[in-house]
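Engineer: One structure coming up, written as C-alpha cells, with questions to follow.
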Amino acid sequence: MSKRVVGLDFETEIDNDGNCKLLLCALYSEKYQRVFELENRVEMLEFIITLLFSGDKYVVFNASFDIEIIMTILLRNGYKFIDDISKKAHKTMKLLASQSTIYKLTTYTMWEEKKRIIETEYIDLGNIIVGVKLKDVAKTFTDLEKGDYEVSKKDWEKFKEYCLLDAKITYEAYKNICKQLDGDYITIGAASFDAMLKMAFGNNSKETNMKNFRAIYGDSSLEMDTHLRKWYIGGFGWCTHDERVELKVNSYDINSAYPYECIQGLPTTNDMLIYDDYKEPNERYKYAFYKIRATGQIKEGYAPISPSKNIYGDSNRYIYEQEYVYLIKEYGKKSEFDWWHENMEIEYYEVEETILMKEARNDIIKPFILHYYHIKETSTGVIRDLAKRIINSFTGKLGTNPIKDSPIFELDERNKLVKAGTFESETETYAVHCVAVITSRVRSRLYEIDKFLREKGAKFRMYATDSVKYDASIGKVIPTSDKMGGWDIEHEDSDFIFLGLKAYIFDANNKQGKREVICAGISRDYKQLIQNDEFFGNNLVKSLVSVRSGNGRIIYETYKRIVNPIKKKRRR
C-alpha cells in the first residue's frame, strides 16, 4: 500500500541571539489539513506524535532547512541514526544524503500495541525541480499563487493561512509532477534514467532493465568505476581576466549541449583493452582514455584544458610539474587530447596508460533524448518544464558516484544540530565512462569557439559549461542554429560587469523583450541595491549596507560604484 503524501511547511524567525524560533508547521493533504502553533507545548506534542505515527510521506520544498528541523526535534526526543537498514529499530532514523544535499529522511517508530515499526518518510521536492523558487513552482506546477510573506505575517490568522498555502503548493506540485513522470521519484535524475530504461526495454523490473543496459554499455564493477571516474570532469569554466571588468558583451549558449552529445555514440567497457603506453583509437576501438604524466604550461591567452591544475591562485596561470592528466581522444574527431596539445607548451609528457573502448552496439539513449526534446520544443507549462529537466539531468545520472559519503548529525551542548561524522554506502554503478566522453565533447566545443573568438580579436572571453560571453566590439560572429547542439544567441550588446568566475552583473533583455538585471554569484545584500531602472555598466548605486566580499569587508554609506560583491559560501 502506497504512503499518503502530505505537504509540509515550517515558518520560523530568528531571535536576538541568532537562534531559530519555530512558529508554525502546516500539513496539507486532500483529506487532512492542519496548522500547528509550535510555541504552544500541547500543539508541539501533537505535531511530534503526528509525524512519528502517521506512516506518511511528507514532502518539503527545502530539505536542508525543513528536514534539519525535523531531525533536531527527533534527536531531542531520543532518536538515533542507523547506518545499516537491517538494524532499524524503535526511535531510529536513516538519512539518504550527500555531503551537501539531503534527499530523504526515514524514521522508524514502534507502535506498541501491535509491536510493529511505523516507517515515515520526508523527501525534498527541490531535488526534483532543482534551482527554482516556490513562487515559480506554484505558477509552473499548480494553479495556485504563493502568498505575500510581508503582508501575511502582520496578522496571525493570515500568517497561518500563508503557511498552509505553502504546504498545499508543495503537495499539489509533487502530485502533478509524479503524474507527469509516471512514477514516484526523489530526484529528477532517477526519473529520467528510469524513463530511458522503460522506453528501451519495457515495463520490466528495474533489475531486468539494468541487466539489459549493462549488456550494452558494460558491466562496470565498483573498482572499474573508481578508476574510470578519473576521466570524468565537469563543465569548463574560465575567463581571460582575473580583475574586475566593465564592458558590452554578446552572450551565446549551446542548445541542449549535453543531450546533443549524448546521442552522438557512446563507449562500452565490454571487450576494452588496456595498455601501459600510447595507443591510437581506431575504427574498431573508437575511444582512447589516456593517463598522462606531464610537465608544461598553458600558452599565454589560450584557454586552459580542464584537467589543468592552477597553482598560482588566479584563473590564468596554469602549470604542470610532473602532474597526472586524464584525457580522451575519439577516432576521426578533434578531441580534448588534441586541444591539450594545441593549447599547451609541453616540456615533457609520457602516456602511462591507454584504455581503448568500442562504441556501444545499440544506441538506446537516442530515441529517449529525441522524444523528450520534441516534447520540450512543442509543449508549454508543466510538460515542457519537466521534459527539459529530464533530458538535462540524464547525463548526470550516468555519472552518479556509487560511493555516498552520507553525514550523521547530533545535537551539541547548546542543543543545536551539528554534523557528527559520515558513513559510506554503495549504490548502483552506471556508466561513468559514457558521461566522461559527453562532458569532454562539450568542453571541446568551447575550446573550438575560443580559438575562433581569439582569432577574431575578442580580448574578453568567459566560459561556463555550455555558454560564452565575449566583448561585443567584434560583433555577432558566432554562427547560430535553432537545432539541438547549435549555438544560440541569448543577449547582444549588453552591459556587463565581470567580478570573478561565475560572479557577474548582467543587464539585458530576455527573450520576451523584458529588461532584467541578472546577478550571478552575487551576495543577496547587493542584489537589493541593483535596480533595473538604474543599472548600467559604470553606474553608481545607492547603498547603505556593509557586506563582506572576496576582498574583505566593503562598507557602503552613500552612492558608490559596484565593486566586488562575491557571495559567501552558504552556511547551515
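To be explicit about the labels: the chains of the C-alpha cells are called A, B, and onward in the order shown, and within each one the residues are counted from 1, while ligands get numbers from 1 in the order they are shown.
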Using only C-alpha atoms, determine which residues lie at most 12 Å from Asp136 of chain A, disregarding the query and same-chain residues fewer than 3 positions distant; provide the list as number ranges by chain.
Structural biologist: A: 126, 129-133, 139-146, 169-170, 173, 381-382, 385
Engineer: Generate the output file for the selected residues, N, CA, C and O atoms, as a PDB file, in the first residue's frame.
Structural biologist:
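File out_18.pdb, as written:
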```
ATOM      1  N   GLY A 126      12.507  19.953  -3.904  1.00  0.00           N
ATOM      2  CA  GLY A 126      13.561  20.727  -4.547  1.00  0.00           C
ATOM      3  C   GLY A 126      14.591  19.877  -5.270  1.00  0.00           C
ATOM      4  O   GLY A 126      15.298  20.369  -6.145  1.00  0.00           O
ATOM      5  N   ILE A 129      12.872  19.386  -8.855  1.00  0.00           N
ATOM      6  CA  ILE A 129      12.870  20.603  -9.679  1.00  0.00           C
ATOM      7  C   ILE A 129      13.919  21.552  -9.103  1.00  0.00           C
ATOM      8  O   ILE A 129      13.615  22.498  -8.388  1.00  0.00           O
ATOM      9  N   VAL A 130      15.151  21.289  -9.457  1.00  0.00           N
ATOM     10  CA  VAL A 130      16.297  21.971  -8.853  1.00  0.00           C
ATOM     11  C   VAL A 130      16.380  23.414  -9.340  1.00  0.00           C
ATOM     12  O   VAL A 130      16.171  23.708 -10.515  1.00  0.00           O
ATOM     13  N   GLY A 131      16.693  24.332  -8.404  1.00  0.00           N
ATOM     14  CA  GLY A 131      17.068  25.687  -8.794  1.00  0.00           C
ATOM     15  C   GLY A 131      15.930  26.642  -9.043  1.00  0.00           C
ATOM     16  O   GLY A 131      16.125  27.661  -9.706  1.00  0.00           O
ATOM     17  N   VAL A 132      14.729  26.355  -8.539  1.00  0.00           N
ATOM     18  CA  VAL A 132      13.617  27.292  -8.707  1.00  0.00           C
ATOM     19  C   VAL A 132      13.060  27.678  -7.343  1.00  0.00           C
ATOM     20  O   VAL A 132      13.245  26.978  -6.355  1.00  0.00           O
ATOM     21  N   LYS A 133      12.357  28.783  -7.295  1.00  0.00           N
ATOM     22  CA  LYS A 133      11.740  29.254  -6.063  1.00  0.00           C
ATOM     23  C   LYS A 133      10.324  28.703  -5.958  1.00  0.00           C
ATOM     24  O   LYS A 133       9.692  28.363  -6.966  1.00  0.00           O
ATOM     25  N   LYS A 139       3.449  28.666  -9.894  1.00  0.00           N
ATOM     26  CA  LYS A 139       2.989  29.092 -11.219  1.00  0.00           C
ATOM     27  C   LYS A 139       3.119  27.980 -12.251  1.00  0.00           C
ATOM     28  O   LYS A 139       2.245  27.804 -13.099  1.00  0.00           O
ATOM     29  N   THR A 140       4.226  27.236 -12.180  1.00  0.00           N
ATOM     30  CA  THR A 140       4.520  26.249 -13.227  1.00  0.00           C
ATOM     31  C   THR A 140       3.805  24.926 -13.004  1.00  0.00           C
ATOM     32  O   THR A 140       3.314  24.314 -13.954  1.00  0.00           O
ATOM     33  N   PHE A 141       3.715  24.479 -11.753  1.00  0.00           N
ATOM     34  CA  PHE A 141       3.245  23.125 -11.490  1.00  0.00           C
ATOM     35  C   PHE A 141       1.893  23.046 -10.776  1.00  0.00           C
ATOM     36  O   PHE A 141       1.428  21.952 -10.470  1.00  0.00           O
ATOM     37  N   THR A 142       1.267  24.200 -10.490  1.00  0.00           N
ATOM     38  CA  THR A 142      -0.056  24.197  -9.863  1.00  0.00           C
ATOM     39  C   THR A 142      -0.876  25.356 -10.434  1.00  0.00           C
ATOM     40  O   THR A 142      -0.383  26.159 -11.226  1.00  0.00           O
ATOM     41  N   ASP A 143      -2.131  25.448  -9.996  1.00  0.00           N
ATOM     42  CA  ASP A 143      -2.981  26.590 -10.337  1.00  0.00           C
ATOM     43  C   ASP A 143      -3.034  27.593  -9.192  1.00  0.00           C
ATOM     44  O   ASP A 143      -3.915  28.462  -9.149  1.00  0.00           O
ATOM     45  N   LEU A 144      -2.099  27.479  -8.260  1.00  0.00           N
ATOM     46  CA  LEU A 144      -2.088  28.317  -7.072  1.00  0.00           C
ATOM     47  C   LEU A 144      -1.116  29.473  -7.229  1.00  0.00           C
ATOM     48  O   LEU A 144      -0.225  29.445  -8.072  1.00  0.00           O
ATOM     49  N   GLU A 145      -1.266  30.475  -6.380  1.00  0.00           N
ATOM     50  CA  GLU A 145      -0.340  31.603  -6.346  1.00  0.00           C
ATOM     51  C   GLU A 145       0.179  31.765  -4.935  1.00  0.00           C
ATOM     52  O   GLU A 145      -0.600  31.824  -3.975  1.00  0.00           O
ATOM     53  N   LYS A 146       1.483  31.803  -4.787  1.00  0.00           N
ATOM     54  CA  LYS A 146       2.086  31.924  -3.446  1.00  0.00           C
ATOM     55  C   LYS A 146       1.665  33.223  -2.780  1.00  0.00           C
ATOM     56  O   LYS A 146       1.542  34.269  -3.431  1.00  0.00           O
ATOM     57  N   ILE A 169       0.879  24.122  -1.894  1.00  0.00           N
ATOM     58  CA  ILE A 169       1.637  24.258  -3.150  1.00  0.00           C
ATOM     59  C   ILE A 169       2.623  23.104  -3.288  1.00  0.00           C
ATOM     60  O   ILE A 169       2.732  22.482  -4.349  1.00  0.00           O
ATOM     61  N   THR A 170       3.339  22.803  -2.214  1.00  0.00           N
ATOM     62  CA  THR A 170       4.313  21.711  -2.231  1.00  0.00           C
ATOM     63  C   THR A 170       3.621  20.383  -2.537  1.00  0.00           C
ATOM     64  O   THR A 170       4.095  19.593  -3.366  1.00  0.00           O
ATOM     65  N   ALA A 173       2.147  20.404  -6.266  1.00  0.00           N
ATOM     66  CA  ALA A 173       3.231  20.356  -7.249  1.00  0.00           C
ATOM     67  C   ALA A 173       3.816  18.945  -7.312  1.00  0.00           C
ATOM     68  O   ALA A 173       4.046  18.404  -8.399  1.00  0.00           O
ATOM     69  N   GLY A 381       4.226  25.003 -20.302  1.00  0.00           N
ATOM     70  CA  GLY A 381       3.859  24.750 -18.915  1.00  0.00           C
ATOM     71  C   GLY A 381       4.592  23.588 -18.281  1.00  0.00           C
ATOM     72  O   GLY A 381       5.782  23.368 -18.515  1.00  0.00           O
ATOM     73  N   VAL A 382       3.851  22.808 -17.487  1.00  0.00           N
ATOM     74  CA  VAL A 382       4.428  21.727 -16.697  1.00  0.00           C
ATOM     75  C   VAL A 382       5.123  20.704 -17.586  1.00  0.00           C
ATOM     76  O   VAL A 382       6.235  20.256 -17.302  1.00  0.00           O
ATOM     77  N   ASP A 385       8.447  22.006 -19.014  1.00  0.00           N
ATOM     78  CA  ASP A 385       9.453  22.172 -17.979  1.00  0.00           C
ATOM     79  C   ASP A 385      10.027  20.823 -17.547  1.00  0.00           C
ATOM     80  O   ASP A 385      11.237  20.671 -17.383  1.00  0.00           O
TER      81      ASP A 385
END
```
Engineer: Would you list the contacts of Ala97 of chain A as an mmCIF file with all heavy atoms, in the first residue's frame, taking every protein, DNA or RNA residue within 9 Å and counting only C-alpha atoms, but skipping same-chain residues closer than 4 positions in sequence?
Structural biologist:
```
data_model
loop_
_atom_site.group_PDB
_atom_site.id
_atom_site.type_symbol
_atom_site.label_atom_id
_atom_site.label_comp_id
_atom_site.auth_asym_id
_atom_site.auth_seq_id
_atom_site.Cartn_x
_atom_site.Cartn_y
_atom_site.Cartn_z
ATOM 1 N N THR A 101 23.630 17.679 0.094
ATOM 2 C CA THR A 101 22.229 17.555 -0.309
ATOM 3 C C THR A 101 21.533 16.483 0.505
ATOM 4 O O THR A 101 22.039 15.368 0.636
ATOM 5 C CB THR A 101 22.126 17.192 -1.805
ATOM 6 O OG1 THR A 101 22.840 18.151 -2.571
ATOM 7 C CG2 THR A 101 20.676 17.174 -2.256
ATOM 8 N N ILE A 102 20.367 16.803 1.037
ATOM 9 C CA ILE A 102 19.524 15.824 1.718
ATOM 10 C C ILE A 102 18.454 15.358 0.741
ATOM 11 O O ILE A 102 17.731 16.168 0.178
ATOM 12 C CB ILE A 102 18.870 16.432 2.976
ATOM 13 C CG1 ILE A 102 19.940 16.738 4.028
ATOM 14 C CG2 ILE A 102 17.818 15.493 3.550
ATOM 15 C CD1 ILE A 102 19.421 17.483 5.234
ATOM 16 N N TYR A 103 18.384 14.053 0.507
ATOM 17 C CA TYR A 103 17.387 13.512 -0.409
ATOM 18 C C TYR A 103 16.161 12.989 0.337
ATOM 19 O O TYR A 103 15.032 13.266 -0.026
ATOM 20 C CB TYR A 103 17.992 12.374 -1.235
ATOM 21 C CG TYR A 103 19.128 12.822 -2.108
ATOM 22 C CD1 TYR A 103 20.442 12.480 -1.803
ATOM 23 C CD2 TYR A 103 18.894 13.596 -3.236
ATOM 24 C CE1 TYR A 103 21.489 12.885 -2.601
ATOM 25 C CE2 TYR A 103 19.941 14.019 -4.037
ATOM 26 C CZ TYR A 103 21.240 13.658 -3.718
ATOM 27 O OH TYR A 103 22.276 14.077 -4.503
ATOM 28 N N LYS A 104 16.419 12.203 1.389
ATOM 29 C CA LYS A 104 15.287 11.599 2.095
ATOM 30 C C LYS A 104 15.686 11.246 3.520
ATOM 31 O O LYS A 104 16.783 10.765 3.768
ATOM 32 C CB LYS A 104 14.815 10.338 1.355
ATOM 33 C CG LYS A 104 13.636 9.644 2.028
ATOM 34 C CD LYS A 104 13.026 8.554 1.153
ATOM 35 C CE LYS A 104 13.902 7.340 1.052
ATOM 36 N NZ LYS A 104 13.209 6.212 0.376
ATOM 37 N N LEU A 105 14.773 11.472 4.449
ATOM 38 C CA LEU A 105 14.919 11.018 5.830
ATOM 39 C C LEU A 105 13.814 10.004 6.083
ATOM 40 O O LEU A 105 12.657 10.249 5.749
ATOM 41 C CB LEU A 105 14.786 12.188 6.801
ATOM 42 C CG LEU A 105 14.855 11.834 8.296
ATOM 43 C CD1 LEU A 105 16.289 11.482 8.693
ATOM 44 C CD2 LEU A 105 14.340 12.979 9.159
ATOM 45 N N LYS A 404 28.470 6.864 -1.616
ATOM 46 C CA LYS A 404 27.831 8.001 -0.981
ATOM 47 C C LYS A 404 28.434 8.205 0.409
ATOM 48 O O LYS A 404 28.461 7.292 1.228
ATOM 49 C CB LYS A 404 26.318 7.777 -0.846
ATOM 50 C CG LYS A 404 25.580 7.707 -2.180
ATOM 51 C CD LYS A 404 25.625 9.031 -2.900
ATOM 52 C CE LYS A 404 24.850 8.970 -4.198
ATOM 53 N NZ LYS A 404 25.017 10.171 -5.015
ATOM 54 N N ASP A 405 28.936 9.404 0.635
ATOM 55 C CA ASP A 405 29.536 9.730 1.931
ATOM 56 C C ASP A 405 28.497 10.517 2.722
ATOM 57 O O ASP A 405 28.467 11.735 2.692
ATOM 58 C CB ASP A 405 30.793 10.565 1.703
ATOM 59 C CG ASP A 405 31.670 10.624 2.935
ATOM 60 O OD1 ASP A 405 31.415 9.851 3.873
ATOM 61 O OD2 ASP A 405 32.597 11.451 2.957
ATOM 62 N N SER A 406 27.596 9.805 3.387
ATOM 63 C CA SER A 406 26.428 10.428 3.994
ATOM 64 C C SER A 406 26.722 10.934 5.403
ATOM 65 O O SER A 406 27.340 10.232 6.207
ATOM 66 C CB SER A 406 25.267 9.439 4.047
ATOM 67 O OG SER A 406 24.849 9.112 2.741
ATOM 68 N N PRO A 407 26.258 12.145 5.715
ATOM 69 C CA PRO A 407 26.509 12.700 7.046
ATOM 70 C C PRO A 407 25.578 12.119 8.106
ATOM 71 O O PRO A 407 24.465 11.700 7.816
ATOM 72 C CB PRO A 407 26.242 14.200 6.847
ATOM 73 C CG PRO A 407 25.259 14.265 5.732
ATOM 74 C CD PRO A 407 25.567 13.108 4.835
#
```
Engineer: Determine, counting only C-alpha atoms, which protein, DNA and RNA residues have an atom within 6 Å of an atom of segment 345-349 of chain A; residues of the same chain fewer than 5 positions away are not included. Present the result as a list in words.
Structural biologist: Arg293, Ala294, Thr295, Gly296, Gln297, Ile298 and Lys299 of chain A
Engineer: Closest to Asp124 of chain A among A:Lys57, A:Lys248, A:Lys230, A:Lys206, using only C-alpha atoms?
Structural biologist: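 Using only C-alpha atoms, the shortest distance to Asp124 of chain A belongs to A:Lys57.
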Engineer: Using only C-alpha atoms, what table do you get, as CSV, when you list each residue of segment 22-44 of chain A with an atom no more than 12 Å from segment 72-75 of chain A, its nearest pair of atoms, and their distance in Å rounded to one decimal, rows by chain then rising number?
Structural biologist:
```
residue,atom,partner,partner_atom,distance
A:Leu22,CA,A:Ile73,CA,10.7
A:Leu38,CA,A:Ile73,CA,11.4
A:Met44,CA,A:Ile73,CA,10.0
```
Engineer: Take atom CA of Glu448 of chain A and atom CA of Lys334 of chain A and report the distance between them in Å, one decimal.
Structural biologist: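 Taking atom CA of Glu448 of chain A and atom CA of Lys334 of chain A, their separation equals 9.3 Å.
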Engineer: When you look at segment 354-361 of chain A with a cut-off of 8 Å (counting only C-alpha atoms), what residues show up, excluding the ones that are within fewer than 6 positions of it in the same chain? I need them as a tab-separated table (two decimals) with all heavy atoms, in the first residue's frame.
Structural biologist:
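Just written: result-v6.tsv:
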```tsv
chain	number	residue	atom	x	y	z
A	216	ILE	N	24.78	-3.59	-22.89
A	216	ILE	CA	25.12	-2.66	-23.98
A	216	ILE	C	26.33	-1.80	-23.62
A	216	ILE	O	27.29	-1.69	-24.39
A	216	ILE	CB	23.91	-1.78	-24.33
A	216	ILE	CG1	22.77	-2.64	-24.88
A	216	ILE	CG2	24.29	-0.69	-25.34
A	216	ILE	CD1	21.47	-1.90	-25.06
A	217	TYR	N	26.29	-1.17	-22.44
A	217	TYR	CA	27.32	-0.19	-22.09
A	217	TYR	C	28.42	-0.73	-21.18
A	217	TYR	O	29.36	-0.02	-20.86
A	217	TYR	CB	26.66	1.04	-21.44
A	217	TYR	CG	25.82	1.79	-22.44
A	217	TYR	CD1	24.44	1.68	-22.42
A	217	TYR	CD2	26.41	2.58	-23.42
A	217	TYR	CE1	23.66	2.35	-23.35
A	217	TYR	CE2	25.64	3.26	-24.35
A	217	TYR	CZ	24.27	3.13	-24.32
A	217	TYR	OH	23.51	3.79	-25.25
A	265	GLY	N	26.78	8.71	-30.13
A	265	GLY	CA	27.51	7.47	-29.94
A	265	GLY	C	28.30	7.50	-28.64
A	265	GLY	O	28.93	8.51	-28.32
A	266	LEU	N	28.29	6.41	-27.88
A	266	LEU	CA	28.96	6.34	-26.58
A	266	LEU	C	29.74	5.03	-26.45
A	266	LEU	O	29.41	4.04	-27.10
A	266	LEU	CB	27.94	6.46	-25.45
A	266	LEU	CG	27.22	7.81	-25.33
A	266	LEU	CD1	26.12	7.75	-24.29
A	266	LEU	CD2	28.19	8.93	-25.03
A	267	PRO	N	30.76	5.03	-25.60
A	267	PRO	CA	31.60	3.82	-25.48
A	267	PRO	C	30.98	2.76	-24.59
A	267	PRO	O	30.08	3.02	-23.80
A	267	PRO	CB	32.88	4.38	-24.85
A	267	PRO	CG	32.42	5.55	-24.04
A	267	PRO	CD	31.28	6.15	-24.82
A	268	THR	N	31.50	1.55	-24.72
A	268	THR	CA	31.15	0.45	-23.83
A	268	THR	C	32.44	-0.13	-23.25
A	268	THR	O	33.48	-0.16	-23.91
A	268	THR	CB	30.38	-0.66	-24.58
A	268	THR	OG1	30.14	-1.75	-23.69
A	268	THR	CG2	31.14	-1.16	-25.79
A	269	THR	N	32.36	-0.62	-22.01
A	269	THR	CA	33.53	-1.26	-21.40
A	269	THR	C	33.62	-2.74	-21.75
A	269	THR	O	34.57	-3.40	-21.34
A	269	THR	CB	33.49	-1.11	-19.86
A	269	THR	OG1	32.26	-1.65	-19.37
A	269	THR	CG2	33.60	0.34	-19.45
A	270	ASN	N	32.65	-3.26	-22.50
A	270	ASN	CA	32.75	-4.64	-22.98
A	270	ASN	C	33.95	-4.77	-23.92
A	270	ASN	O	34.09	-3.98	-24.86
A	270	ASN	CB	31.46	-5.05	-23.71
A	270	ASN	CG	30.27	-5.08	-22.79
A	270	ASN	OD1	30.39	-5.32	-21.60
A	270	ASN	ND2	29.08	-4.83	-23.34
A	271	ASP	N	34.80	-5.74	-23.70
A	271	ASP	CA	35.97	-6.03	-24.56
A	271	ASP	C	36.97	-4.88	-24.62
A	271	ASP	O	37.66	-4.72	-25.63
A	271	ASP	CB	35.52	-6.37	-25.99
A	271	ASP	CG	34.56	-7.54	-26.03
A	271	ASP	OD1	34.78	-8.50	-25.27
A	271	ASP	OD2	33.59	-7.49	-26.80
A	272	MET	N	37.05	-4.06	-23.58
A	272	MET	CA	38.01	-2.96	-23.64
A	272	MET	C	39.44	-3.50	-23.50
A	272	MET	O	39.67	-4.59	-22.95
A	272	MET	CB	37.73	-1.93	-22.55
A	272	MET	CG	37.99	-2.35	-21.14
A	272	MET	SD	37.55	-1.04	-19.98
A	272	MET	CE	38.22	-1.72	-18.46
A	273	LEU	N	40.40	-2.73	-24.03
A	273	LEU	CA	41.81	-3.10	-24.00
A	273	LEU	C	42.60	-2.10	-23.17
A	273	LEU	O	42.33	-0.89	-23.24
A	273	LEU	CB	42.38	-3.15	-25.42
A	273	LEU	CG	41.67	-4.07	-26.42
A	273	LEU	CD1	42.28	-3.90	-27.81
A	273	LEU	CD2	41.73	-5.52	-25.97
A	274	ILE	N	43.56	-2.55	-22.37
A	274	ILE	CA	44.37	-1.68	-21.52
A	274	ILE	C	45.84	-1.87	-21.86
A	274	ILE	O	46.33	-3.00	-21.92
A	274	ILE	CB	44.11	-1.97	-20.02
A	274	ILE	CG1	42.63	-1.79	-19.68
A	274	ILE	CG2	44.96	-1.05	-19.15
A	274	ILE	CD1	42.26	-2.15	-18.26
A	275	TYR	N	46.55	-0.75	-22.08
A	275	TYR	CA	47.98	-0.77	-22.41
A	275	TYR	C	48.72	0.14	-21.43
A	275	TYR	O	48.13	1.08	-20.88
A	275	TYR	CB	48.22	-0.28	-23.84
A	275	TYR	CG	47.50	-1.07	-24.90
A	275	TYR	CD1	46.23	-0.71	-25.33
A	275	TYR	CD2	48.10	-2.18	-25.49
A	275	TYR	CE1	45.56	-1.43	-26.31
A	275	TYR	CE2	47.45	-2.92	-26.48
A	275	TYR	CZ	46.17	-2.53	-26.88
A	275	TYR	OH	45.53	-3.25	-27.84
A	276	ASP	N	50.02	-0.10	-21.27
A	276	ASP	CA	50.83	0.75	-20.40
A	276	ASP	C	51.65	1.75	-21.21
A	276	ASP	O	52.67	2.26	-20.73
A	276	ASP	CB	51.74	-0.09	-19.49
A	276	ASP	CG	52.69	-0.97	-20.28
A	276	ASP	OD1	52.70	-0.89	-21.53
A	276	ASP	OD2	53.44	-1.75	-19.64
A	277	ASP	N	51.20	2.05	-22.43
A	277	ASP	CA	51.83	3.09	-23.22
A	277	ASP	C	50.79	3.70	-24.16
A	277	ASP	O	49.59	3.43	-24.02
A	277	ASP	CB	53.03	2.54	-24.02
A	277	ASP	CG	52.63	1.38	-24.94
A	277	ASP	OD1	51.44	1.02	-24.96
A	277	ASP	OD2	53.51	0.84	-25.63
A	278	TYR	N	51.24	4.51	-25.13
A	278	TYR	CA	50.32	5.23	-26.01
A	278	TYR	C	49.80	4.33	-27.13
A	278	TYR	O	50.58	3.67	-27.82
A	278	TYR	CB	51.02	6.45	-26.61
A	278	TYR	CG	50.17	7.22	-27.59
A	278	TYR	CD1	49.20	8.09	-27.14
A	278	TYR	CD2	50.34	7.06	-28.97
A	278	TYR	CE1	48.41	8.80	-28.04
A	278	TYR	CE2	49.57	7.77	-29.87
A	278	TYR	CZ	48.59	8.64	-29.40
A	278	TYR	OH	47.82	9.34	-30.28
A	279	LYS	N	48.48	4.31	-27.31
A	279	LYS	CA	47.85	3.65	-28.45
A	279	LYS	C	46.79	4.59	-29.04
A	279	LYS	O	46.05	5.24	-28.31
A	279	LYS	CB	47.17	2.33	-28.02
A	279	LYS	CG	48.12	1.27	-27.48
A	279	LYS	CD	49.02	0.72	-28.57
A	279	LYS	CE	49.94	-0.37	-28.02
A	279	LYS	NZ	50.87	-0.89	-29.03
A	281	PRO	N	43.30	5.57	-30.97
A	281	PRO	CA	41.99	4.98	-31.24
A	281	PRO	C	41.90	4.62	-32.72
A	281	PRO	O	42.63	5.18	-33.55
A	281	PRO	CB	41.01	6.10	-30.88
A	281	PRO	CG	41.79	7.36	-31.04
A	281	PRO	CD	43.21	7.00	-30.66
A	284	ARG	N	37.81	0.36	-35.07
A	284	ARG	CA	37.18	-0.68	-34.23
A	284	ARG	C	37.06	-0.22	-32.78
A	284	ARG	O	36.03	-0.39	-32.15
A	284	ARG	CB	37.99	-1.97	-34.34
A	284	ARG	CG	37.45	-3.12	-33.51
A	284	ARG	CD	38.22	-4.40	-33.82
A	284	ARG	NE	37.88	-5.49	-32.92
A	284	ARG	CZ	36.80	-6.25	-33.01
A	284	ARG	NH1	35.92	-6.02	-33.97
A	284	ARG	NH2	36.59	-7.24	-32.16
A	285	TYR	N	38.13	0.34	-32.25
A	285	TYR	CA	38.14	0.88	-30.88
A	285	TYR	C	38.22	2.40	-31.00
A	285	TYR	O	39.30	2.97	-31.11
A	285	TYR	CB	39.33	0.32	-30.10
A	285	TYR	CG	39.16	-1.13	-29.70
A	285	TYR	CD1	39.55	-2.15	-30.56
A	285	TYR	CD2	38.59	-1.47	-28.48
A	285	TYR	CE1	39.38	-3.48	-30.21
A	285	TYR	CE2	38.42	-2.80	-28.11
A	285	TYR	CZ	38.81	-3.80	-28.98
A	285	TYR	OH	38.63	-5.12	-28.61
A	286	LYS	N	37.05	3.04	-30.98
A	286	LYS	CA	36.97	4.46	-31.33
A	286	LYS	C	37.34	5.41	-30.20
A	286	LYS	O	37.56	6.60	-30.43
A	286	LYS	CB	35.55	4.80	-31.80
A	286	LYS	CG	35.17	4.13	-33.11
A	286	LYS	CD	33.79	4.59	-33.57
A	286	LYS	CE	33.46	3.99	-34.93
A	286	LYS	NZ	32.12	4.45	-35.41
A	287	TYR	N	37.42	4.91	-28.97
A	287	TYR	CA	37.64	5.78	-27.81
A	287	TYR	C	38.93	5.39	-27.10
A	287	TYR	O	39.13	4.22	-26.77
A	287	TYR	CB	36.47	5.67	-26.82
A	287	TYR	CG	35.14	5.99	-27.46
A	287	TYR	CD1	34.38	4.97	-28.05
A	287	TYR	CD2	34.64	7.28	-27.48
A	287	TYR	CE1	33.16	5.25	-28.64
A	287	TYR	CE2	33.42	7.57	-28.07
A	287	TYR	CZ	32.69	6.55	-28.65
A	287	TYR	OH	31.49	6.83	-29.25
A	288	ALA	N	39.79	6.40	-26.88
A	288	ALA	CA	41.03	6.17	-26.14
A	288	ALA	C	41.04	7.06	-24.90
A	288	ALA	O	40.87	8.27	-24.99
A	288	ALA	CB	42.24	6.48	-27.01
A	289	PHE	N	41.23	6.45	-23.73
A	289	PHE	CA	41.33	7.15	-22.45
A	289	PHE	C	42.80	7.12	-22.04
A	289	PHE	O	43.37	6.05	-21.83
A	289	PHE	CB	40.48	6.46	-21.37
A	289	PHE	CG	38.99	6.62	-21.54
A	289	PHE	CD1	38.34	6.22	-22.70
A	289	PHE	CD2	38.23	7.16	-20.52
A	289	PHE	CE1	36.98	6.36	-22.84
A	289	PHE	CE2	36.85	7.31	-20.65
A	289	PHE	CZ	36.23	6.91	-21.82
A	290	TYR	N	43.42	8.32	-21.93
A	290	TYR	CA	44.86	8.40	-21.66
A	290	TYR	C	45.13	8.91	-20.24
A	290	TYR	O	44.58	9.93	-19.82
A	290	TYR	CB	45.55	9.35	-22.64
A	290	TYR	CG	45.49	8.92	-24.07
A	290	TYR	CD1	44.86	9.71	-25.03
A	290	TYR	CD2	46.06	7.72	-24.49
A	290	TYR	CE1	44.81	9.32	-26.36
A	290	TYR	CE2	46.02	7.32	-25.81
A	290	TYR	CZ	45.38	8.12	-26.74
A	290	TYR	OH	45.32	7.73	-28.05
A	291	LYS	N	46.02	8.21	-19.54
A	291	LYS	CA	46.58	8.70	-18.28
A	291	LYS	C	47.99	9.18	-18.60
A	291	LYS	O	48.84	8.41	-19.04
A	291	LYS	CB	46.63	7.59	-17.23
A	291	LYS	CG	47.27	8.00	-15.92
A	291	LYS	CD	47.37	6.81	-14.97
A	291	LYS	CE	48.06	7.18	-13.67
A	291	LYS	NZ	48.21	6.01	-12.76
```
Engineer: Looking at A:Phe201, A:Tyr162, A:Phe61, A:Phe47, which one is nearest to Tyr122 of chain A, with distances taken over only C-alpha atoms?
Structural biologist: A:Phe61
Engineer: Would you return as a count of residues only the members of segment 180-400 of chain A that DSSP assigns to helix (DSSP H, G or I) on this structure's backbone?
Structural biologist: 84
Engineer: Report as a ChimeraX atom specification: the residues of segment 199-311 of chain A with a DSSP assignment of strand (DSSP E or B), based on the backbone of this structure.
Structural biologist: /A:237-239,245-254,267-275,287-298,310
